[in-house]
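Engineer: Before I ask anything, here is the structure I am working with.
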Protein chains: 6
Amino acid sequence: MKKSLEAGIGKSALQLVLASSHEIEEAEARVTESGFHYCLGKTGSMDMQKVVSAIETAAKRHQIIDEKLYREMHALYHAILEALEGVTRGQVLLGDVMRTVGLRFSVVRGMPYENEAEGEWIAVALYGTIGAPIKGLEHETTGLGINHI
Amino acid sequence: MKKSLEAGIGKSALQLVLASSHEIEEAEARVTESGFHYCLGKTGSMDMQKVVSAIETAAKRHQIIDEKLYREMHALYHAILEALEGVTRGQVLLGDVMRTVGLRFSVVRGMPYENEAEGEWIAVALYGTIGAPIKGLEHETTGLGINHI
Amino acid sequence: MKKSLEAGIGKSALQLVLASSHEIEEAEARVTESGFHYCLGKTGSMDMQKVVSAIETAAKRHQIIDEKLYREMHALYHAILEALEGVTRGQVLLGDVMRTVGLRFSVVRGMPYENEAEGEWIAVALYGTIGAPIKGLEHETTGLGINHI
Amino acid sequence: MKKSLEAGIGKSALQLVLASSHEIEEAEARVTESGFHYCLGKTGSMDMQKVVSAIETAAKRHQIIDEKLYREMHALYHAILEALEGVTRGQVLLGDVMRTVGLRFSVVRGMPYENEAEGEWIAVALYGTIGAPIKGLEHETTGLGINHI
Amino acid sequence: MKKSLEAGIGKSALQLVLASSHEIEEAEARVTESGFHYCLGKTGSMDMQKVVSAIETAAKRHQIIDEKLYREMHALYHAILEALEGVTRGQVLLGDVMRTVGLRFSVVRGMPYENEAEGEWIAVALYGTIGAPIKGLEHETTGLGINHI
Amino acid sequence: MKKSLEAGIGKSALQLVLASSHEIEEAEARVTESGFHYCLGKTGSMDMQKVVSAIETAAKRHQIIDEKLYREMHALYHAILEALEGVTRGQVLLGDVMRTVGLRFSVVRGMPYENEAEGEWIAVALYGTIGAPIKGLEHETTGLGINHI
């Protein structure tokens, strides 16, 4: 059985990227209370590769995942791609279709299910803006990817 | 120019679907303060058509959109489809690929940009679970679609 | 080398579905002058299978393709699917995402290239409306698929 | 209610890109009679970004859209992307999958519905060739995107 | 490091579905020698849900996965969906676009990497025919999905 | 009617790319016995264009297809793209989403159906690894595309 959505790993990841400056401490405290590990960062680019790379690098550097284990990298990678589907809504393309993103990202790892045998899972949340490469010509966008690890 | 993301129409829509029972009043107050109109609901199905229909019906009934104007229905429809891309992450299919969703949804309408000439926009946010049609075999999912109206 | 686009098989197929009642005779004459065979029809449904089936049936009945040869059916099938990508623009879904189409279709077969060794090709053109299953809540849509046969 | 398809904004856009040199004047006259504004252009590239950019630039320069309003740019952008789905039929990619396009494009703006409250809409039509980056190894392709503005 | 592709889990899964009647024993022996567990089956339908369900049911019944653990079901599910992308090549749809499949499937579980910390992975291979719902109007198709478990 | 799957053109193409060094001669002999022509090669890149190009070049150089006939290039091109759908499983992207492939490929041409009127068909099979651009962080992948020629 899953723990209540209240403490969901996906919700935790989303609250971290949605939190404004005065809310971030509370959001971080809640994630830690749930027993989750996490990292937070920012990335902006017309180049999708840089977005993927920024999230992977942050997750490795903060030891959310063990970069020497492919199974952990594989779990993270697919969670990132799934989150990018939400951000791009159709074709996972940025500069190729003349658009750019400015995103906050979080990577959260932990045990979201009551049954301990379910083990660890990973959540990647993205929130920010997508639009033309001209300041202001943009709207908000979000994405969430979840995978077992 | 856009207003600060703090008061973003997408963030407002997301906070409405993420709010737990004791947070919902505050979330609703914030959306109203931003001058936005909104409605909230729940839908769960293996049938994508029912999900689309539940959101459209709620938006019409709460007069978030004027169902007699195709331009409003068209704006809402594409925002719903974009939100579903985030929920399904790849193929906008549910029962056909043996999965089901249980979702909270919000539809928010208002003027998110400082420049009044930018007019009204609509945001559709979804949050809940996706998984096998067996209780507990599911994880969280989210999606956000935004359109001018 | 290709013949001029003036007499293109794709353009011929598109002009047949775009022609209004007083233009249709001229459009048909032009297609015949180009040495192409064709059929014309109408189909409307929320069920994609019925749309595919209607086009296949018309092409068989008018002997545009030989239904006993899989290679001809295969060429037609992929041309239909490609035309439907243009009509649906993203996910090849109708009723599942709560929308319906009303389409005119044409299937044109012939030799569009000057080099006779290029042999026969097939074009499927679609034009009509797509929208909510409520009269008037719809806009125009088109699609074109071309394949060697 | 929509005006007859005869004078449809999508049909107008398609007729502009399909018109041969001796038909173009008549096509332009018909579009103007319908009370629509439009621009016409050509673009060819293996680089999708250049195709998107060429259409956006033409629409701004001919004042079909107001480039200072994001809502207008947003409406145009999604109409372009939808037209490109018809052109690429599956994955919105050109050079990445070793193919190139040579396209005529039109952008048409106006009020296509009898009910004035439906306001303005925009149509983007594309017609030309797609194929290998070798002259002659190509066939015709088309796409149409329509959006409220 | 990965073991040689010779003994790859994906290759094992593919060889099981490709083996003809006189090759199957050898293929099964090789898979077992590699220390992998597997099951084999057949499924045919215009209904994608039945295809997904047939593979899931076989994997549960042969205890390739533990159906009480969502993480195992989740790993299997995504491997199935990825294999279906190879089978359908574009849109994960069967009957909706008027086509049917007749497939052999294998599900293989084991440790394909030399580093034991990489743990267990799962491979789903599909091979058979796809085509019109008329005998003989079909060609071969295959797909392979691999996931950590 | 199709010949038995035993001698299928797709199976032949797959066996060529799956064969280990001591199996390749037997696999090649079987393909030749079936009356098929084929070529074999390797390609590895983060750049999808190079993968497509490597396969096209090999097929031309070994005269599996006649590069002067667009209908043959068109048949090959779509078979390659379909095989790449199996390899990429979702979005036909490599470096853009930070991944790379190392693939063996085969292109097989011949008459796979008993009815001679079905004429020639082409199969493209791919097998190898996909993963992060770091040695070892990869798993197996495959794809098969089949087209009439």
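Identifiers in this document derive from the order of the structure tokens: chains are assigned A, B, ..., residues are numbered from 1 separately in each chain, and ligands are numbered from 1 in order of occurrence.
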Mind checking DSSP for range 10-111 of chain D and telling me the alpha helix (DSSP H) residues as a PyMOL selection string?
Structural biologist: chain D and resi 10-18+24-33+48-61+70-88
Engineer: When you look at Ile64 in chain C with a cut-off of 7 Å (counting only C-alpha atoms), what residues show up, excluding the ones that are within fewer than 6 positions of it in the same chain? I need them as a PyMOL selection string.
Structural biologist: chain C and resi 37-38+109
Engineer: Neighbouring residues of Pro112 in chain E were defined as those with any atom within 12 Å, considering only C-alpha atoms; residues of the same chain fewer than 5 positions away were excluded. Please report them as a ChimeraX atom specification.
Structural biologist: /A:70-71 /E:1-13,31,34-37,117-123,146-149 /F:136,138-140
Engineer: Could you tell me which residues of chain D sit within 10 Å of chain E when counting only C-alpha atoms, and give me the result as a ChimeraX atom specification?
Structural biologist: /D:89-91
Engineer: Between CA of Asp66 in chain A and CA of Arg104 in chain A, what distance in Å does the model show, to one decimal?
Structural biologist: 22.0 Å
Engineer: Just how far from CA of Ala83 in chain B is CA of Thr142 in chain B, in Å to one decimal?
Structural biologist: 7.7 Å
Engineer: Between CA of Glu56 in chain E and CA of Leu84 in chain B, what is the spacing in Å?
Structural biologist: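 Separation between CA of Leu84 in chain B and CA of Glu56 in chain E: 24.9 Å.
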